[in-house]
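Engineer: This is data-v7.txt (compact mmCIF, C-alpha atoms).
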# COMPACT_ATOMS: atom_id res chain seq x y z
CA MET I 1 29.91 -6.06 11.92
CA SER I 2 27.02 -5.49 9.55
CA LEU I 3 24.84 -2.42 10.17
CA LYS I 4 21.78 -3.96 8.54
CA ASN I 5 18.63 -4.18 10.65
CA LYS I 6 20.25 -1.88 13.16
CA SER I 7 18.44 1.19 14.48
CA VAL I 8 19.57 4.20 16.44
CA LEU I 9 17.51 4.74 19.57
CA GLN I 10 16.78 8.17 21.06
CA SER I 11 16.42 6.86 24.61
CA PRO I 12 19.70 8.36 25.93
CA TYR I 13 18.50 11.83 24.91
CA ILE I 14 15.84 14.11 26.33
CA TYR I 15 14.21 17.22 24.89
CA VAL I 16 14.35 20.35 27.00
CA SER I 17 11.39 21.78 25.04
CA PRO I 18 8.99 20.63 22.30
CA SER I 19 10.21 20.94 18.73
CA MET I 20 9.02 23.74 16.48
CA LYS I 21 7.04 21.27 14.39
CA THR I 22 5.25 19.99 17.49
CA VAL I 23 4.41 23.48 18.73
CA LEU I 24 3.05 24.56 15.35
CA SER I 25 0.99 21.38 14.98
CA VAL I 26 -0.52 21.76 18.45
CA MET I 27 -1.38 25.44 17.89
CA ILE I 28 -3.11 24.59 14.61
CA CYS I 29 -5.05 21.78 16.29
CA LEU I 30 -6.12 24.14 19.08
CA LEU I 31 -7.60 26.52 16.51
CA LEU I 32 -9.65 23.78 14.85
CA PRO I 33 -12.36 23.73 17.58
CA GLN I 34 -12.99 27.42 16.88
CA VAL I 35 -13.29 26.62 13.17
CA ALA I 36 -15.81 23.93 14.11
CA MET I 37 -17.74 26.47 16.20
CA LEU I 38 -17.97 28.73 13.16
CA PHE I 39 -19.57 25.81 11.29
CA LEU I 40 -21.96 25.06 14.16
CA THR I 41 -23.01 28.72 14.43
CA ARG I 42 -23.39 28.94 10.64
CA SER I 43 -20.86 31.77 10.41
CA TYR I 44 -20.20 31.04 6.76
CA SER I 45 -18.93 34.54 5.95
CA SER I 46 -16.18 34.15 8.54
CA LEU I 47 -15.32 30.74 7.14
CA PHE I 48 -14.92 32.15 3.64
CA VAL I 49 -12.65 34.92 4.98
CA LEU I 50 -10.68 32.30 6.90
CA LEU I 51 -10.31 30.11 3.81
CA ALA I 52 -9.17 33.08 1.70
CA ALA I 53 -6.50 34.03 4.27
CA VAL I 54 -5.21 30.45 4.52
CA LEU I 55 -5.01 30.07 0.73
CA ALA I 56 -3.22 33.42 0.45
CA SER I 57 -0.65 32.49 3.08
CA LEU I 58 0.02 29.09 1.50
CA SER I 59 0.26 30.70 -1.95
CA ALA I 60 2.81 33.21 -0.67
CA GLU I 61 4.85 30.34 0.75
CA ALA I 62 4.63 28.49 -2.58
CA LEU I 63 5.82 31.56 -4.48
CA TYR I 64 8.69 32.02 -2.07
CA GLY I 65 9.46 28.32 -2.41
CA ILE I 66 10.37 28.87 -6.06
CA ARG I 67 13.62 30.39 -4.82
CA LYS I 68 14.02 28.34 -1.66
CA ARG I 69 12.40 24.95 -1.24
CA PRO I 70 10.10 25.14 1.79
CA SER I 71 10.24 22.52 4.51
CA MET I 72 7.40 20.94 6.46
CA VAL I 73 7.89 23.45 9.25
CA THR I 74 7.57 26.44 6.91
CA TRP I 75 4.34 25.01 5.48
CA LEU I 76 2.99 24.67 9.02
CA VAL I 77 4.05 28.26 9.74
CA ALA I 78 2.22 29.45 6.61
CA LEU I 79 -0.91 27.50 7.57
CA LEU I 80 -0.89 28.91 11.11
CA GLN I 81 -0.32 32.45 9.83
CA GLY I 82 -3.26 32.14 7.44
CA LEU I 83 -5.54 30.87 10.20
CA LEU I 84 -4.57 33.71 12.53
CA VAL I 85 -5.09 36.37 9.85
CA GLY I 86 -8.50 34.92 9.00
CA PHE I 87 -9.56 34.88 12.65
CA LEU I 88 -8.56 38.52 13.13
CA LEU I 89 -10.50 39.90 10.14
CA PRO I 90 -14.23 40.75 10.19
CA ALA I 91 -16.73 38.55 8.40
CA THR I 92 -17.81 41.57 6.35
CA TYR I 93 -14.58 41.60 4.36
CA PRO I 94 -14.88 40.22 0.80
CA PRO I 95 -12.87 36.97 0.56
CA VAL I 96 -11.32 38.06 -2.75
CA ALA I 97 -9.99 41.23 -1.15
CA VAL I 98 -8.69 39.24 1.81
CA PHE I 99 -6.84 36.87 -0.51
CA ILE I 100 -5.22 39.67 -2.54
CA ILE I 101 -4.19 41.77 0.45
CA CYS I 102 -2.94 38.84 2.50
CA LEU I 103 -1.01 37.38 -0.44
CA PHE I 104 0.64 40.73 -1.13
CA ALA I 105 1.55 41.37 2.53
CA MET I 106 2.96 37.89 3.06
CA ALA I 107 4.87 37.86 -0.24
CA VAL I 108 6.39 41.29 0.37
CA GLY I 109 7.51 40.22 3.83
CA LYS I 110 9.21 37.13 2.44
CA TYR I 111 10.79 38.59 -0.70
CA ALA I 112 11.71 42.07 0.55
CA PHE I 113 13.49 40.73 3.60
CA GLU I 114 14.50 37.29 2.28
CA GLY I 115 12.35 35.59 4.89
CA PHE I 116 14.00 37.59 7.70
CA ALA I 117 10.91 39.72 8.36
CA ALA I 118 9.49 37.15 10.78
CA SER I 119 12.45 37.67 13.11
CA TRP I 120 11.63 41.29 13.85
CA ILE I 121 8.06 41.92 12.72
CA ASN I 122 4.98 39.76 13.10
CA PRO I 123 3.72 38.78 9.61
CA VAL I 124 0.20 38.15 10.96
CA ALA I 125 -0.08 41.61 12.48
CA LEU I 126 1.38 43.14 9.32
CA ALA I 127 -1.15 41.40 7.06
CA VAL I 128 -4.13 42.28 9.29
CA ALA I 129 -3.04 45.92 9.56
CA ALA I 130 -2.64 46.10 5.78
CA ALA I 131 -6.12 44.62 5.31
CA TYR I 132 -7.68 47.18 7.64
CA PHE I 133 -5.90 50.10 6.02
CA ILE I 134 -6.56 49.06 2.42
CA TYR I 135 -10.13 47.95 3.00
CA ALA I 136 -10.92 51.09 4.98
CA CYS I 137 -9.78 53.28 2.08
CA PRO I 138 -12.58 54.38 -0.27
CA PHE I 139 -11.59 52.04 -3.11
CA PRO I 140 -14.67 50.77 -4.99
CA ALA I 141 -12.91 47.50 -5.76
CA PHE I 142 -12.75 46.68 -2.06
CA GLY I 143 -15.95 48.36 -0.94
CA GLY I 144 -14.07 50.52 1.56
CA ASP I 145 -15.75 51.78 4.71
CA LEU I 146 -14.02 54.42 6.83
CA SER I 147 -16.48 53.82 9.68
CA LEU I 148 -14.52 50.70 10.60
CA PHE I 149 -12.09 52.86 12.56
CA ARG I 150 -14.90 54.74 14.32
CA GLU I 151 -17.00 51.76 15.40
CA LYS I 152 -16.55 50.34 18.86
CA ASN I 153 -16.34 46.66 19.59
CA ALA I 154 -19.69 45.06 18.80
CA ALA I 155 -19.89 43.03 22.02
CA LEU I 156 -19.13 46.08 24.19
CA SER I 157 -21.79 48.20 22.49
CA MET I 158 -24.39 45.44 22.76
CA ILE I 159 -23.80 44.98 26.47
CA ARG I 160 -24.11 48.69 27.16
CA ASP I 161 -27.27 48.99 25.07
CA GLY I 162 -28.85 45.86 26.51
CA GLN I 163 -28.82 44.21 23.08
CA PHE I 164 -26.15 41.60 23.66
CA PRO I 165 -27.23 38.21 22.25
CA LEU I 166 -27.36 36.21 25.48
CA SER I 167 -27.12 32.45 25.28
CA PRO I 168 -30.22 30.55 26.49
CA LYS I 169 -28.59 29.44 29.75
CA ASP I 170 -26.71 32.67 30.46
CA SER I 171 -28.94 33.78 33.35
CA MET I 172 -28.99 30.32 34.94
CA VAL I 173 -25.20 29.97 34.88
CA THR I 174 -24.72 33.56 36.03
CA ASP I 175 -27.04 33.06 39.02
CA PHE I 176 -25.22 29.85 39.94
CA LEU I 177 -21.80 31.53 39.84
CA ASN I 178 -23.00 34.56 41.80
CA ARG I 179 -24.66 32.40 44.46
CA ASN I 180 -21.83 29.91 44.94
CA VAL I 181 -18.67 31.79 43.99
CA PHE I 182 -18.73 35.57 43.63
CA ARG I 183 -20.99 36.42 46.58
CA ARG I 184 -18.43 34.81 48.87
CA PHE I 185 -16.13 37.68 47.87
CA GLY I 186 -18.84 40.34 48.09
CA MET I 187 -19.29 40.76 44.34
CA GLU I 188 -21.61 39.78 41.50
CA ILE I 189 -21.39 39.57 37.72
CA PRO I 190 -24.20 40.75 35.48
CA ASP I 191 -25.87 38.77 32.72
CA GLY I 192 -23.81 38.71 29.57
CA TYR I 193 -20.41 37.65 30.87
CA VAL I 194 -21.15 33.95 30.42
CA SER I 195 -22.10 34.64 26.82
CA LEU I 196 -18.91 36.64 26.41
CA PHE I 197 -16.94 33.58 27.49
CA TRP I 198 -18.89 31.19 25.28
CA ASP I 199 -19.72 33.23 22.13
CA SER I 200 -19.68 37.02 22.05
CA GLY I 201 -21.29 37.14 18.60
CA SER I 202 -18.61 39.49 17.30
CA PRO I 203 -18.10 39.66 13.51
CA ILE I 204 -14.39 39.00 14.18
CA PRO I 205 -13.95 35.28 14.99
CA ALA I 206 -10.94 35.86 17.27
CA PHE I 207 -13.20 37.86 19.60
CA ARG I 208 -15.89 35.21 19.98
CA PHE I 209 -14.89 31.99 21.73
CA ASN I 210 -13.00 33.13 24.83
CA LEU I 211 -13.57 29.88 26.72
CA LEU I 212 -11.82 27.94 23.95
CA ASN I 213 -8.93 30.42 24.12
CA LEU I 214 -8.59 29.80 27.86
CA LEU I 215 -8.58 26.04 27.34
CA ALA I 216 -5.98 26.42 24.58
CA SER I 217 -3.79 28.46 26.92
CA LEU I 218 -3.86 25.62 29.48
CA VAL I 219 -2.59 23.18 26.85
CA LEU I 220 0.15 25.46 25.54
CA PHE I 221 1.41 26.60 28.93
CA SER I 222 1.22 23.21 30.64
CA GLY I 223 3.06 21.61 27.70
CA ASP I 224 5.82 24.24 27.92
CA MET I 225 5.10 25.29 24.34
CA LEU I 226 4.75 28.97 25.18
CA GLY I 227 6.43 31.02 27.86
CA LEU I 228 4.39 32.39 30.75
CA LEU I 229 6.43 35.50 31.47
CA VAL I 230 5.21 37.66 28.56
CA PRO I 231 1.46 36.95 28.93
CA PHE I 232 1.68 37.16 32.73
CA SER I 233 3.39 40.55 32.72
CA PHE I 234 1.05 41.79 30.00
CA CYS I 235 -2.10 40.74 31.85
CA LEU I 236 -0.76 42.20 35.07
CA SER I 237 0.04 45.65 33.66
CA TYR I 238 -3.03 45.90 31.41
CA GLY I 239 -5.39 44.61 34.10
CA LEU I 240 -4.08 46.99 36.77
CA LEU I 241 -4.29 49.97 34.43
CA VAL I 242 -7.84 49.11 33.39
CA ARG I 243 -8.96 48.64 36.98
CA PHE I 244 -7.27 51.53 38.75
CA VAL I 245 -6.36 54.23 36.19
CA PRO I 246 -9.21 56.38 34.84
CA ILE I 247 -9.37 56.85 31.12
CA SER I 248 -10.39 60.51 31.33
CA TYR I 249 -8.13 61.48 28.44
CA VAL I 250 -10.65 59.78 26.11
CA THR I 251 -14.03 60.16 27.80
CA GLY I 252 -13.50 63.39 29.71
CA MET I 253 -14.89 61.64 32.82
CA GLN I 254 -13.22 59.82 35.66
CA LEU I 255 -14.29 56.30 34.70
CA TYR I 256 -12.73 53.05 35.85
CA GLY I 257 -12.74 49.98 33.69
CA ASP I 258 -14.17 46.50 33.89
CA ILE I 259 -11.34 43.93 33.71
CA PHE I 260 -13.61 41.15 32.45
CA LEU I 261 -14.97 43.33 29.67
CA ALA I 262 -11.48 44.50 28.70
CA PHE I 263 -10.10 40.97 28.40
CA LEU I 264 -13.17 39.41 26.77
CA THR I 265 -13.50 41.96 23.98
CA SER I 266 -11.04 43.29 21.41
CA GLY I 267 -9.53 39.81 21.02
CA VAL I 268 -7.19 40.31 23.97
CA LEU I 269 -7.12 36.65 25.04
CA PHE I 270 -6.74 35.31 21.51
CA SER I 271 -4.04 37.77 20.45
CA THR I 272 -2.08 37.47 23.69
CA LEU I 273 -1.99 33.70 23.26
CA PHE I 274 -1.36 33.32 19.53
CA VAL I 275 0.05 36.64 18.24
CA LEU I 276 1.95 38.60 20.89
CA GLN I 277 4.69 35.97 21.34
CA TRP I 278 5.29 35.23 17.66
CA PHE I 279 8.50 33.31 17.09
CA GLY I 280 11.59 35.50 16.94
CA THR I 281 9.86 38.78 17.73
CA THR I 282 10.19 38.67 21.52
CA PRO I 283 13.27 39.17 23.73
CA PHE I 284 15.09 36.05 24.91
CA THR I 285 16.10 36.96 28.48
CA ALA I 286 13.77 36.86 31.48
CA TRP I 287 14.03 40.56 32.21
CA GLY I 288 13.60 41.37 28.51
CA LYS I 289 10.39 39.33 28.31
CA LEU I 290 9.14 40.92 31.51
CA PHE I 291 9.78 44.41 30.16
CA TYR I 292 8.23 43.43 26.81
CA GLY I 293 5.02 42.23 28.45
CA LEU I 294 4.74 45.26 30.74
CA CYS I 295 5.18 47.65 27.81
CA ALA I 296 2.62 45.72 25.77
CA GLY I 297 0.11 46.12 28.59
CA ILE I 298 0.74 49.87 28.77
CA PHE I 299 0.34 50.35 25.01
CA SER I 300 -2.77 48.16 25.06
CA TYR I 301 -4.30 50.44 27.67
CA VAL I 302 -3.44 53.52 25.61
CA ILE I 303 -4.70 52.05 22.32
CA LEU I 304 -7.48 49.70 23.40
CA GLY I 305 -8.71 51.52 26.48
CA TYR I 306 -11.29 49.34 28.22
CA GLY I 307 -11.72 47.06 25.23
CA ASN I 308 -13.36 49.27 22.64
CA SER I 309 -11.22 48.58 19.60
CA SER I 310 -11.65 46.12 16.76
CA VAL I 311 -8.08 46.34 15.46
CA GLY I 312 -6.08 48.07 18.19
CA TYR I 313 -4.28 44.97 19.45
CA VAL I 314 -2.72 44.42 16.04
CA PHE I 315 -1.06 47.82 16.24
CA VAL I 316 0.03 47.09 19.80
CA VAL I 317 1.90 44.05 18.44
CA LEU I 318 3.52 46.10 15.67
CA VAL I 319 4.63 48.76 18.15
CA MET I 320 6.08 46.09 20.43
CA ASN I 321 7.92 44.48 17.49
CA PHE I 322 9.68 47.81 16.96
CA ILE I 323 10.51 48.17 20.65
CA SER I 324 11.72 44.56 20.79
CA ILE I 325 14.49 45.41 18.32
CA PHE I 326 16.08 47.73 20.89
CA ILE I 327 15.46 45.31 23.76
CA GLN I 328 17.15 42.48 21.87
CA GLY I 329 20.01 44.78 20.87
CA PHE I 330 20.59 45.66 24.53
CA GLU I 331 20.40 41.96 25.42
CA MET I 332 23.08 41.14 22.86
CA ARG I 333 25.38 43.84 24.21
CA ARG I 334 24.92 42.51 27.74
CA MET I 335 25.68 38.97 26.61
CA LYS I 336 28.83 40.06 24.76
CA SER I 337 29.99 42.03 27.79
CA PHE I 338 29.35 39.04 30.06
CA TYR I 339 31.28 36.79 27.69
CA LYS I 340 34.29 39.11 27.60
CA LYS I 341 34.38 39.66 31.36
CA ALA I 342 33.43 36.24 32.73
CA VAL I 343 33.38 33.47 30.13
CA ARG I 344 36.43 34.16 27.98
CA PRO I 345 38.91 34.49 30.90
CA ARG I 346 37.75 31.10 32.22
CA ILE I 347 38.16 29.50 28.80
CA GLU I 348 41.68 30.92 28.46
CA ALA I 349 42.57 29.76 31.97
CA LEU I 350 41.27 26.28 31.17
CA LYS I 351 43.41 26.18 28.01
CA GLU I 352 46.50 27.10 29.99
CA VAL I 353 45.82 24.32 32.50
CA GLN I 354 45.33 21.79 29.73
CA SER I 355 48.57 22.87 28.01
CA VAL I 356 50.51 22.23 31.18
Please lay out the structure from this file as structure tokens.
Structural biologist:
Amino acid sequence: MSLKNKSVLQSPYIYVSPSMKTVLSVMICLLLPQVAMLFLTRSYSSLFVLLAAVLASLSAEALYGIRKRPSMVTWLVALLQGLLVGFLLPATYPPVAVFIICLFAMAVGKYAFEGFAASWINPVALAVAAAYFIYACPFPAFGGDLSLFREKNAALSMIRDGQFPLSPKDSMVTDFLNRNVFRRFGMEIPDGYVSLFWDSGSPIPAFRFNLLNLLASLVLFSGDMLGLLVPFSFCLSYGLLVRFVPISYVTGMQLYGDIFLAFLTSGVLFSTLFVLQWFGTTPFTAWGKLFYGLCAGIFSYVILGYGNSSVGYVFVVLVMNFISIFIQGFEMRRMKSFYKKAVRPRIEALKEVQSV
């Protein structure tokens, strides 16, 4: 029988989870509304930084492709990495410096580890950390500024000083929510939180559009494109520590944190959604992911405090990448032990039955 004009249908098969290409494409599409918001708010400096990071990431992939031809998926990975790096860097960074630093960090990760770096360290966090360190050094070529590590989050400082750029309808929406929602639970929110959700005005784009991050999380979690266990355990541990544990080791006073302020500044929502669970850097068992998220929340509390850091979450991710190596090693030992004790004897018994 001729096979011409015959097609193979996929109807007998089902996918237990979306493909990598689909997940990457959706994540990139979910970042595009934030890019559009940068255009609408005329944040051209951030757009130039974002463009420089994307070009650097794609260039690093092209250079690596000289040795190994990249696929469509790897190009999507490079594009997503460039977008994330650009969103996590301040608008004050010179685009040329961003391009050079990002290109170097991405290329070193690919060539030094033969592309294996992404399986144990987050390339986005590595590139952002390198940019902060190099740019903060007093190199005239990069216009270094050591005060970057001493400044608190812009949105947090503006709220405390009464200088936060409130949106025109902030008070109206706040009064509506207090009257119809929060007062039913005996609480109120002050002016400024609505603006924090909509546009915090931070020089770091990842810190600005928290409402868009929440909407993106609904798409990713409902489509089973990201796991819930890591972000859930992270939010639980970090939120409880912020709310109930005083941060006296920093301030010298028994102060208790504001959960809303902690999650809406320092890029916590953005980084938890797009960076913390980078492919290959998280454990693969349920208990491993739970432990990973809980530890990330603890380190976030130690490093970020109540949300007063412009780069702290990046170092939280790098610390967790290091810890994940040991978690995954323990997981592998447990799996091998389970195979030897439970799976292999059953396979051998099945072979004996079949031989008879």
Engineer: Interatomic distance between atom CA of Phe185 of chain I and atom CA of Phe260 of chain I?
Structural biologist: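 Rounded to one decimal, the two atoms are 16.0 Å apart.
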Engineer: Could you list, as a list in words, every residue within 9 Å of Pro203 of chain I, counting all atoms listed in the file and ignoring same-chain residues fewer than 3 positions away?
Structural biologist: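 Those residues are Ser43, Ser46, Leu89, Pro90, Ala91, Thr92, Ala154, Ala206, Phe207 and Arg208 of chain I.
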Engineer: As an exercise, work out the distance from atom CA of Ser237 of chain I to atom CA of Ile303 of chain I in Å and give it to one decimal place.
Structural biologist: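 Taking atom CA of Ser237 of chain I and atom CA of Ile303 of chain I, their separation equals 13.9 Å.
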Engineer: So how many Å separate atom CA of Tyr292 of chain I and atom CA of Ile259 of chain I, to one decimal?
Structural biologist: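 Result for atom CA of Tyr292 of chain I versus atom CA of Ile259 of chain I: 20.8 Å, one decimal.
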Engineer: From the list I:Leu261, I:Ile325, I:Leu58, I:Leu30, which residue is nearest Ser200 of chain I when using only C-alpha atoms?
Structural biologist: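 The shortest atom-to-atom distance to Ser200 of chain I comes from I:Leu261.
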Engineer: Which residues, written as a PyMOL selection string, have at least one atom at most 9 Å from Leu294 of chain I, with all atoms listed in the file counted and residues fewer than 6 positions away on the same chain left out?
Structural biologist: chain I and resi 230+232-238
Engineer: Just checking: using all atoms listed in the file, which residue out of I:Leu31, I:Met335, I:Ile323, I:Ala56 ends up closest to Leu214 of chain I?
Structural biologist: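 Smallest distance to Leu214 of chain I is found for I:Leu31.
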Engineer: Considering all atoms listed in the file, state which residue in the set I:Thr285, I:Leu211, I:Val317, I:Ser57 is at the smallest distance from Glu331 of chain I.
Structural biologist: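 Going through I:Thr285, I:Leu211, I:Val317, I:Ser57 one by one, the smallest distance to Glu331 of chain I is for I:Thr285.
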Engineer: Pick from I:Pro18, I:Pro205, I:Pro95, I:Gly186: nearest to Leu55 of chain I, with all atoms listed in the file counted?
Structural biologist: I:Pro95
Engineer: Might you pull out every residue within 7 Å of Trp120 of chain I, with all atoms listed in the file counted and same-chain residues fewer than 4 positions away left off, and present them as number ranges by chain?
Structural biologist: I: 280-281, 321, 325
Engineer: Quick one: everything within 7 Å of Lys289 of chain I, counting only C-alpha atoms, minus sequence neighbours fewer than 6 positions away in the same chain. Send it as a list of chain:residue names.
Structural biologist: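 Within the cut-off, the hits are I:Leu229, I:Val230, I:Thr282, I:Pro283.
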Engineer: Fewer than 3 positions away in the same chain doesn't count, so skip those; otherwise give me all residues within 12 Å of Ser217 of chain I, counting all atoms listed in the file, as an NGL selection string.
Structural biologist: :I and (26-27 or 30-31 or 210-214 or 220-228 or 231-232 or 269-274)
Engineer: Step by step: start from the point (-12.1, 39.9, 1.0) in the file's coordinates, keep every protein, DNA or RNA residue that has an atom no farther than 9 Å from it, count all atoms listed in the file, and write the set as JSON, numbers by chain.
Structural biologist: {"I": [48, 49, 52, 53, 91, 92, 93, 94, 95, 96, 97, 98, 99, 100, 101, 131, 135, 142]}
Engineer: From the coordinates I just gave you, please extract segment 58-67 of chain I so that only all heavy atoms remain, then output it as a PDB file, in the first residue's frame.
Structural biologist:
ATOM      1  N   LEU I  58      21.410  36.822  23.062  1.00  0.00           N
ATOM      2  CA  LEU I  58      21.327  36.193  21.747  1.00  0.00           C
ATOM      3  C   LEU I  58      22.704  36.070  21.097  1.00  0.00           C
ATOM      4  O   LEU I  58      23.000  35.082  20.420  1.00  0.00           O
ATOM      5  CB  LEU I  58      20.388  36.996  20.848  1.00  0.00           C
ATOM      6  CG  LEU I  58      18.908  37.005  21.254  1.00  0.00           C
ATOM      7  CD1 LEU I  58      18.113  37.922  20.336  1.00  0.00           C
ATOM      8  CD2 LEU I  58      18.321  35.603  21.237  1.00  0.00           C
ATOM      9  N   SER I  59      23.564  37.073  21.324  1.00  0.00           N
ATOM     10  CA  SER I  59      24.918  37.016  20.781  1.00  0.00           C
ATOM     11  C   SER I  59      25.721  35.891  21.419  1.00  0.00           C
ATOM     12  O   SER I  59      26.485  35.189  20.737  1.00  0.00           O
ATOM     13  CB  SER I  59      25.627  38.354  20.993  1.00  0.00           C
ATOM     14  OG  SER I  59      24.950  39.404  20.329  1.00  0.00           O
ATOM     15  N   ALA I  60      25.558  35.717  22.730  1.00  0.00           N
ATOM     16  CA  ALA I  60      26.249  34.621  23.410  1.00  0.00           C
ATOM     17  C   ALA I  60      25.783  33.270  22.874  1.00  0.00           C
ATOM     18  O   ALA I  60      26.588  32.355  22.686  1.00  0.00           O
ATOM     19  CB  ALA I  60      26.002  34.703  24.917  1.00  0.00           C
ATOM     20  N   GLU I  61      24.494  33.156  22.588  1.00  0.00           N
ATOM     21  CA  GLU I  61      23.978  31.912  22.012  1.00  0.00           C
ATOM     22  C   GLU I  61      24.522  31.696  20.614  1.00  0.00           C
ATOM     23  O   GLU I  61      24.834  30.568  20.218  1.00  0.00           O
ATOM     24  CB  GLU I  61      22.448  31.959  21.982  1.00  0.00           C
ATOM     25  CG  GLU I  61      21.799  30.665  21.548  1.00  0.00           C
ATOM     26  CD  GLU I  61      22.087  29.529  22.513  1.00  0.00           C
ATOM     27  OE1 GLU I  61      22.084  29.759  23.741  1.00  0.00           O
ATOM     28  OE2 GLU I  61      22.338  28.402  22.027  1.00  0.00           O
ATOM     29  N   ALA I  62      24.661  32.779  19.837  1.00  0.00           N
ATOM     30  CA  ALA I  62      25.204  32.655  18.480  1.00  0.00           C
ATOM     31  C   ALA I  62      26.666  32.232  18.517  1.00  0.00           C
ATOM     32  O   ALA I  62      27.107  31.399  17.708  1.00  0.00           O
ATOM     33  CB  ALA I  62      25.051  33.986  17.745  1.00  0.00           C
ATOM     34  N   LEU I  63      27.427  32.786  19.453  1.00  0.00           N
ATOM     35  CA  LEU I  63      28.832  32.405  19.580  1.00  0.00           C
ATOM     36  C   LEU I  63      28.965  30.939  19.991  1.00  0.00           C
ATOM     37  O   LEU I  63      29.816  30.217  19.474  1.00  0.00           O
ATOM     38  CB  LEU I  63      29.535  33.304  20.602  1.00  0.00           C
ATOM     39  CG  LEU I  63      29.739  34.772  20.188  1.00  0.00           C
ATOM     40  CD1 LEU I  63      30.312  35.570  21.345  1.00  0.00           C
ATOM     41  CD2 LEU I  63      30.661  34.857  18.979  1.00  0.00           C
ATOM     42  N   TYR I  64      28.118  30.531  20.922  1.00  0.00           N
ATOM     43  CA  TYR I  64      28.146  29.129  21.342  1.00  0.00           C
ATOM     44  C   TYR I  64      27.674  28.215  20.225  1.00  0.00           C
ATOM     45  O   TYR I  64      28.084  27.055  20.126  1.00  0.00           O
ATOM     46  CB  TYR I  64      27.285  28.943  22.580  1.00  0.00           C
ATOM     47  CG  TYR I  64      27.345  27.549  23.156  1.00  0.00           C
ATOM     48  CD1 TYR I  64      28.513  27.085  23.749  1.00  0.00           C
ATOM     49  CD2 TYR I  64      26.240  26.705  23.115  1.00  0.00           C
ATOM     50  CE1 TYR I  64      28.579  25.805  24.284  1.00  0.00           C
ATOM     51  CE2 TYR I  64      26.295  25.431  23.638  1.00  0.00           C
ATOM     52  CZ  TYR I  64      27.468  24.987  24.227  1.00  0.00           C
ATOM     53  OH  TYR I  64      27.540  23.725  24.744  1.00  0.00           O
ATOM     54  N   GLY I  65      26.807  28.744  19.353  1.00  0.00           N
ATOM     55  CA  GLY I  65      26.302  27.955  18.240  1.00  0.00           C
ATOM     56  C   GLY I  65      27.329  27.655  17.183  1.00  0.00           C
ATOM     57  O   GLY I  65      27.090  26.820  16.304  1.00  0.00           O
ATOM     58  N   ILE I  66      28.494  28.343  17.236  1.00  0.00           N
ATOM     59  CA  ILE I  66      29.562  28.027  16.301  1.00  0.00           C
ATOM     60  C   ILE I  66      30.057  26.595  16.515  1.00  0.00           C
ATOM     61  O   ILE I  66      30.406  25.889  15.570  1.00  0.00           O
ATOM     62  CB  ILE I  66      30.720  29.027  16.452  1.00  0.00           C
ATOM     63  CG1 ILE I  66      30.238  30.443  16.082  1.00  0.00           C
ATOM     64  CG2 ILE I  66      31.902  28.634  15.586  1.00  0.00           C
ATOM     65  CD1 ILE I  66      31.287  31.507  16.330  1.00  0.00           C
ATOM     66  N   ARG I  67      30.054  26.175  17.778  1.00  0.00           N
ATOM     67  CA  ARG I  67      30.498  24.825  18.110  1.00  0.00           C
ATOM     68  C   ARG I  67      29.349  23.828  18.077  1.00  0.00           C
ATOM     69  O   ARG I  67      29.526  22.675  17.739  1.00  0.00           O
ATOM     70  CB  ARG I  67      31.122  24.821  19.504  1.00  0.00           C
ATOM     71  CG  ARG I  67      32.360  25.704  19.632  1.00  0.00           C
ATOM     72  CD  ARG I  67      32.921  25.633  21.038  1.00  0.00           C
ATOM     73  NE  ARG I  67      33.237  24.267  21.420  1.00  0.00           N
ATOM     74  CZ  ARG I  67      33.644  23.926  22.643  1.00  0.00           C
ATOM     75  NH1 ARG I  67      33.764  24.854  23.586  1.00  0.00           N
ATOM     76  NH2 ARG I  67      33.923  22.678  22.923  1.00  0.00           N
TER      77      ARG I  67
END
